[in-house]
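J.: Next comes upload-v3.pdb, PDB, N, CA and C atoms:
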```
ATOM      1  N   MET A   1      90.269 140.581  74.830
ATOM      2  CA  MET A   1      90.737 139.214  74.952
ATOM      3  C   MET A   1      89.547 138.298  75.200
ATOM      4  N   VAL A   2      89.484 137.232  74.447
ATOM      5  CA  VAL A   2      88.373 136.300  74.544
ATOM      6  C   VAL A   2      88.802 135.118  75.407
ATOM      7  N   GLY A   3      87.983 134.766  76.400
ATOM      8  CA  GLY A   3      88.293 133.628  77.264
ATOM      9  C   GLY A   3      88.010 132.314  76.558
ATOM     10  N   ASN A   4      88.514 131.243  77.129
ATOM     11  CA  ASN A   4      88.268 129.914  76.571
ATOM     12  C   ASN A   4      86.814 129.531  76.750
ATOM     13  N   THR A   5      86.232 129.006  75.701
ATOM     14  CA  THR A   5      84.902 128.440  75.841
ATOM     15  C   THR A   5      85.067 127.043  76.419
ATOM     16  N   ASP A   6      83.983 126.423  76.810
ATOM     17  CA  ASP A   6      84.062 125.078  77.376
ATOM     18  C   ASP A   6      84.705 124.105  76.396
ATOM     19  N   GLY A   7      84.375 124.212  75.113
ATOM     20  CA  GLY A   7      84.952 123.334  74.099
ATOM     21  C   GLY A   7      86.453 123.528  73.951
ATOM     22  N   ASN A   8      86.881 124.778  73.942
ATOM     23  CA  ASN A   8      88.315 125.068  73.833
ATOM     24  C   ASN A   8      89.063 124.589  75.061
ATOM     25  N   HIS A   9      88.475 124.807  76.228
ATOM     26  CA  HIS A   9      89.114 124.381  77.481
ATOM     27  C   HIS A   9      89.271 122.860  77.503
ATOM     28  N   GLU A  10      88.228 122.160  77.104
ATOM     29  CA  GLU A  10      88.276 120.690  77.078
ATOM     30  C   GLU A  10      89.328 120.201  76.083
ATOM     31  N   ARG A  11      89.386 120.826  74.918
ATOM     32  CA  ARG A  11      90.372 120.458  73.904
ATOM     33  C   ARG A  11      91.794 120.704  74.412
ATOM     34  N   ASP A  12      92.001 121.847  75.071
ATOM     35  CA  ASP A  12      93.323 122.149  75.632
ATOM     36  C   ASP A  12      93.713 121.149  76.710
ATOM     37  N   THR A  13      92.743 120.780  77.541
ATOM     38  CA  THR A  13      92.999 119.811  78.609
ATOM     39  C   THR A  13      93.380 118.460  78.030
ATOM     40  N   ILE A  14      92.669 118.013  77.024
ATOM     41  CA  ILE A  14      92.972 116.727  76.382
ATOM     42  C   ILE A  14      94.346 116.781  75.727
ATOM     43  N   SER A  15      94.652 117.893  75.092
ATOM     44  CA  SER A  15      95.966 118.048  74.439
ATOM     45  C   SER A  15      97.096 117.967  75.465
ATOM     46  N   ARG A  16      96.925 118.645  76.611
ATOM     47  CA  ARG A  16      97.953 118.599  77.666
ATOM     48  C   ARG A  16      98.096 117.181  78.219
ATOM     49  N   GLN A  17      96.978 116.493  78.423
ATOM     50  CA  GLN A  17      97.034 115.125  78.933
ATOM     51  C   GLN A  17      97.744 114.207  77.945
ATOM     52  N   ARG A  18      97.468 114.379  76.659
ATOM     53  CA  ARG A  18      98.119 113.574  75.631
ATOM     54  C   ARG A  18      99.625 113.809  75.648
ATOM     55  N   GLU A  19     100.026 115.070  75.754
ATOM     56  CA  GLU A  19     101.453 115.398  75.815
ATOM     57  C   GLU A  19     102.107 114.771  77.050
ATOM     58  N   GLN A  20     101.411 114.794  78.182
ATOM     59  CA  GLN A  20     101.941 114.190  79.403
ATOM     60  C   GLN A  20     102.105 112.683  79.231
ATOM     61  N   LEU A  21     101.133 112.044  78.609
ATOM     62  CA  LEU A  21     101.205 110.598  78.375
ATOM     63  C   LEU A  21     102.361 110.251  77.442
ATOM     64  N   VAL A  22     102.555 111.047  76.413
ATOM     65  CA  VAL A  22     103.656 110.801  75.478
ATOM     66  C   VAL A  22     104.992 110.911  76.209
ATOM     67  N   ARG A  23     105.147 111.964  77.021
ATOM     68  CA  ARG A  23     106.401 112.123  77.771
ATOM     69  C   ARG A  23     106.613 110.965  78.744
ATOM     70  N   GLU A  24     105.557 110.528  79.411
ATOM     71  CA  GLU A  24     105.682 109.418  80.359
ATOM     72  C   GLU A  24     106.038 108.119  79.642
ATOM     73  N   ARG A  25     105.418 107.868  78.479
ATOM     74  CA  ARG A  25     105.743 106.668  77.700
ATOM     75  C   ARG A  25     107.204 106.690  77.278
ATOM     76  N   GLN A  26     107.675 107.844  76.816
ATOM     77  CA  GLN A  26     109.068 107.965  76.402
ATOM     78  C   GLN A  26     110.011 107.729  77.583
ATOM     79  N   ARG A  27     109.638 108.243  78.760
ATOM     80  CA  ARG A  27     110.464 108.060  79.948
ATOM     81  C   ARG A  27     110.550 106.579  80.312
ATOM     82  N   ILE A  28     109.421 105.897  80.284
ATOM     83  CA  ILE A  28     109.392 104.476  80.632
ATOM     84  C   ILE A  28     110.139 103.651  79.591
ATOM     85  N   GLN A  29     110.003 103.998  78.316
ATOM     86  CA  GLN A  29     110.748 103.291  77.272
ATOM     87  C   GLN A  29     112.247 103.461  77.467
ATOM     88  N   SER A  30     112.649 104.638  77.873
ATOM     89  CA  SER A  30     114.066 104.888  78.126
ATOM     90  C   SER A  30     114.561 104.024  79.280
ATOM     91  N   ILE A  31     113.765 103.909  80.326
ATOM     92  CA  ILE A  31     114.129 103.052  81.460
ATOM     93  C   ILE A  31     114.254 101.608  80.999
ATOM     94  N   GLY A  32     113.304 101.152  80.178
ATOM     95  CA  GLY A  32     113.351  99.786  79.659
ATOM     96  C   GLY A  32     114.596  99.530  78.836
ATOM     97  N   GLY A  33     114.948 100.483  77.994
ATOM     98  CA  GLY A  33     116.163 100.344  77.184
ATOM     99  C   GLY A  33     117.405 100.283  78.054
ATOM    100  N   SER A  34     117.430 101.082  79.113
ATOM    101  CA  SER A  34     118.563 101.068  80.034
ATOM    102  C   SER A  34     118.659  99.733  80.765
ATOM    103  N   LEU A  35     117.526  99.210  81.196
ATOM    104  CA  LEU A  35     117.532  97.908  81.873
ATOM    105  C   LEU A  35     118.043  96.804  80.952
ATOM    106  N   LEU A  36     117.625  96.835  79.699
ATOM    107  CA  LEU A  36     118.116  95.840  78.746
ATOM    108  C   LEU A  36     119.633  95.963  78.593
ATOM    109  N   ALA A  37     120.130  97.185  78.511
ATOM    110  CA  ALA A  37     121.571  97.399  78.347
ATOM    111  C   ALA A  37     122.340  96.931  79.584
ATOM    112  N   ILE A  38     121.808  97.211  80.756
ATOM    113  CA  ILE A  38     122.463  96.789  82.003
ATOM    114  C   ILE A  38     122.606  95.276  82.046
ATOM    115  N   HIS A  39     121.578  94.577  81.579
ATOM    116  CA  HIS A  39     121.593  93.110  81.596
ATOM    117  C   HIS A  39     122.211  92.523  80.329
ATOM    118  N   ARG A  40     122.814  93.409  79.534
ATOM    119  CA  ARG A  40     123.497  93.028  78.292
ATOM    120  C   ARG A  40     122.598  92.238  77.344
ATOM    121  N   ILE A  41     121.378  92.670  77.270
ATOM    122  CA  ILE A  41     120.429  92.092  76.320
ATOM    123  C   ILE A  41     120.404  93.026  75.120
ATOM    124  N   HIS A  42     120.846  92.516  73.981
ATOM    125  CA  HIS A  42     120.952  93.334  72.783
ATOM    126  C   HIS A  42     119.769  93.038  71.871
ATOM    127  N   ILE A  43     119.028  94.059  71.565
ATOM    128  CA  ILE A  43     117.859  93.942  70.711
ATOM    129  C   ILE A  43     118.167  94.671  69.407
ATOM    130  N   THR A  44     117.943  93.994  68.286
ATOM    131  CA  THR A  44     118.108  94.663  66.998
ATOM    132  C   THR A  44     116.732  95.065  66.501
ATOM    133  N   GLY A  45     116.678  96.129  65.794
ATOM    134  CA  GLY A  45     115.397  96.609  65.297
ATOM    135  C   GLY A  45     114.669  97.401  66.365
ATOM    136  N   ASN A  46     113.392  97.572  66.166
ATOM    137  CA  ASN A  46     112.586  98.365  67.083
ATOM    138  C   ASN A  46     111.847  97.441  68.036
ATOM    139  N   PHE A  47     112.439  97.190  69.210
ATOM    140  CA  PHE A  47     111.835  96.256  70.153
ATOM    141  C   PHE A  47     110.504  96.776  70.677
ATOM    142  N   ARG A  48     110.295  98.090  70.654
ATOM    143  CA  ARG A  48     109.034  98.641  71.158
ATOM    144  C   ARG A  48     107.864  98.187  70.295
ATOM    145  N   GLN A  49     108.077  98.114  68.983
ATOM    146  CA  GLN A  49     107.000  97.658  68.110
ATOM    147  C   GLN A  49     106.706  96.192  68.363
ATOM    148  N   VAL A  50     107.736  95.395  68.591
ATOM    149  CA  VAL A  50     107.547  93.970  68.867
ATOM    150  C   VAL A  50     106.774  93.799  70.157
ATOM    151  N   LEU A  51     107.170  94.531  71.198
ATOM    152  CA  LEU A  51     106.477  94.435  72.481
ATOM    153  C   LEU A  51     105.033  94.893  72.352
ATOM    154  N   SER A  52     104.804  95.971  71.622
ATOM    155  CA  SER A  52     103.442  96.466  71.436
ATOM    156  C   SER A  52     102.583  95.422  70.751
ATOM    157  N   ALA A  53     103.122  94.773  69.735
ATOM    158  CA  ALA A  53     102.366  93.739  69.020
ATOM    159  C   ALA A  53     102.060  92.567  69.950
ATOM    160  N   ASP A  54     103.038  92.179  70.785
ATOM    161  CA  ASP A  54     102.808  91.091  71.744
ATOM    162  C   ASP A  54     101.679  91.439  72.693
ATOM    163  N   TYR A  55     101.659  92.665  73.191
ATOM    164  CA  TYR A  55     100.625  93.056  74.134
ATOM    165  C   TYR A  55      99.262  93.196  73.458
ATOM    166  N   ARG A  56      99.240  93.663  72.206
ATOM    167  CA  ARG A  56      97.959  93.729  71.490
ATOM    168  C   ARG A  56      97.383  92.332  71.341
ATOM    169  N   ASP A  57      98.237  91.350  71.023
ATOM    170  CA  ASP A  57      97.785  89.975  70.886
ATOM    171  C   ASP A  57      97.252  89.462  72.219
ATOM    172  N   CYS A  58      97.944  89.800  73.306
ATOM    173  CA  CYS A  58      97.531  89.349  74.633
ATOM    174  C   CYS A  58      96.217  89.989  75.057
ATOM    175  N   GLU A  59      96.009  91.246  74.687
ATOM    176  CA  GLU A  59      94.764  91.917  75.044
ATOM    177  C   GLU A  59      93.573  91.204  74.416
ATOM    178  N   ASN A  60      93.768  90.697  73.210
ATOM    179  CA  ASN A  60      92.684  89.964  72.553
ATOM    180  C   ASN A  60      92.357  88.675  73.296
ATOM    181  N   LYS A  61      93.349  88.110  73.961
ATOM    182  CA  LYS A  61      93.153  86.853  74.687
ATOM    183  C   LYS A  61      92.940  87.087  76.190
ATOM    184  N   ASN A  62      93.009  88.352  76.626
ATOM    185  CA  ASN A  62      92.899  88.711  78.046
ATOM    186  C   ASN A  62      93.958  88.038  78.900
ATOM    187  N   THR A  63      95.151  87.843  78.361
ATOM    188  CA  THR A  63      96.297  87.330  79.115
ATOM    189  C   THR A  63      97.473  88.222  78.811
ATOM    190  N   TYR A  64      98.451  88.236  79.693
ATOM    191  CA  TYR A  64      99.614  89.089  79.507
ATOM    192  C   TYR A  64     100.886  88.288  79.775
ATOM    193  N   PRO A  65     101.958  88.607  79.034
ATOM    194  CA  PRO A  65     103.213  87.882  79.248
ATOM    195  C   PRO A  65     103.775  88.178  80.633
ATOM    196  N   GLU A  66     104.507  87.222  81.171
ATOM    197  CA  GLU A  66     105.086  87.406  82.503
ATOM    198  C   GLU A  66     106.464  87.991  82.408
TER
END
```
Represent the structure contained in this file as C-alpha coordinates.
T.:
Amino acid sequence: MVGNTDGNHERDTISRQREQLVRERQRIQSIGGSLLAIHRIHITGNFRQVLSADYRDCENKNTYPE
(Lines of atoms letter the chains of each structure in order from A and count residues from 1; the text may use other names and numbers.)
(Lines give C-alpha, C1' and ligand atoms only; values in the text may rest on other atoms or scores of the structure.)
Protein backbone atom coordinates (compact mmCIF):
# COMPACT_ATOMS: atom_id res chain seq x y z
CA MET A 1 0.00 0.00 0.00
CA VAL A 2 1.37 3.36 -1.03
CA GLY A 3 0.85 6.33 1.31
CA ASN A 4 -0.27 9.75 0.16
CA THR A 5 2.46 11.99 -1.11
CA ASP A 6 2.38 15.64 -0.11
CA GLY A 7 0.79 16.55 -3.47
CA ASN A 8 -1.92 13.92 -3.14
CA HIS A 9 -2.64 14.90 0.46
CA GLU A 10 -2.95 18.57 -0.50
CA ARG A 11 -5.24 17.72 -3.43
CA ASP A 12 -7.43 15.55 -1.19
CA THR A 13 -7.61 18.31 1.42
CA ILE A 14 -8.64 20.90 -1.17
CA SER A 15 -11.24 18.51 -2.59
CA ARG A 16 -12.75 17.92 0.88
CA GLN A 17 -12.81 21.66 1.59
CA ARG A 18 -14.53 22.32 -1.74
CA GLU A 19 -17.16 19.69 -0.97
CA GLN A 20 -17.73 21.24 2.47
CA LEU A 21 -18.16 24.69 0.93
CA VAL A 22 -20.63 23.37 -1.63
CA ARG A 23 -22.70 21.69 1.09
CA GLU A 24 -22.64 24.85 3.23
CA ARG A 25 -23.68 27.04 0.27
CA GLN A 26 -26.56 24.68 -0.49
CA ARG A 27 -27.62 24.73 3.17
CA ILE A 28 -27.61 28.53 3.28
CA GLN A 29 -29.48 28.76 -0.03
CA SER A 30 -32.11 26.45 1.37
CA ILE A 31 -32.49 28.68 4.44
CA GLY A 32 -32.83 31.72 2.17
CA GLY A 33 -35.51 30.02 0.10
CA SER A 34 -37.39 29.09 3.27
CA LEU A 35 -37.21 32.66 4.57
CA LEU A 36 -38.59 33.98 1.29
CA ALA A 37 -41.45 31.47 1.47
CA ILE A 38 -42.23 32.35 5.10
CA HIS A 39 -42.51 36.02 4.14
CA ARG A 40 -44.58 35.06 1.08
CA ILE A 41 -42.06 36.51 -1.32
CA HIS A 42 -42.44 34.65 -4.59
CA ILE A 43 -39.45 34.63 -6.90
CA THR A 44 -39.73 33.31 -10.44
CA GLY A 45 -36.69 31.97 -12.17
CA ASN A 46 -33.37 31.37 -10.50
CA PHE A 47 -33.07 34.05 -7.82
CA ARG A 48 -29.63 32.73 -6.83
CA GLN A 49 -28.18 33.77 -10.18
CA VAL A 50 -29.74 37.22 -9.84
CA LEU A 51 -28.33 37.63 -6.33
CA SER A 52 -24.92 36.40 -7.44
CA ALA A 53 -24.86 38.92 -10.28
CA ASP A 54 -25.87 41.72 -7.88
CA TYR A 55 -23.05 40.83 -5.52
CA ARG A 56 -20.49 40.55 -8.33
CA ASP A 57 -21.47 44.06 -9.42
CA CYS A 58 -21.15 45.29 -5.83
CA GLU A 59 -17.73 43.70 -5.40
CA ASN A 60 -16.49 45.76 -8.33
CA LYS A 61 -17.71 48.90 -6.57
CA ASN A 62 -16.69 47.72 -3.05
CA THR A 63 -20.26 48.23 -1.80
CA TYR A 64 -22.88 45.69 -0.83
CA PRO A 65 -26.69 45.78 -0.84
CA GLU A 66 -28.39 46.20 2.51
J.: Rounded to one decimal, what separation in Å do you get between CA of Ile41 (chain A) and atom C of Glu24 (chain A)?
T.: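 Separating CA of Ile41 (chain A) from atom C of Glu24 (chain A) is a distance of 21.8 Å.
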J.: Just how far from atom C of Ile31 (chain A) is CA of Ile43 (chain A), in Å to one decimal?
T.: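 Result for CA of Ile43 (chain A) versus atom C of Ile31 (chain A): 13.3 Å, one decimal.
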J.: Could you jot down the CA of Thr13 (chain A) to atom N of Arg25 (chain A) separation for me, Å, one decimal place?
T.: 17.2 Å
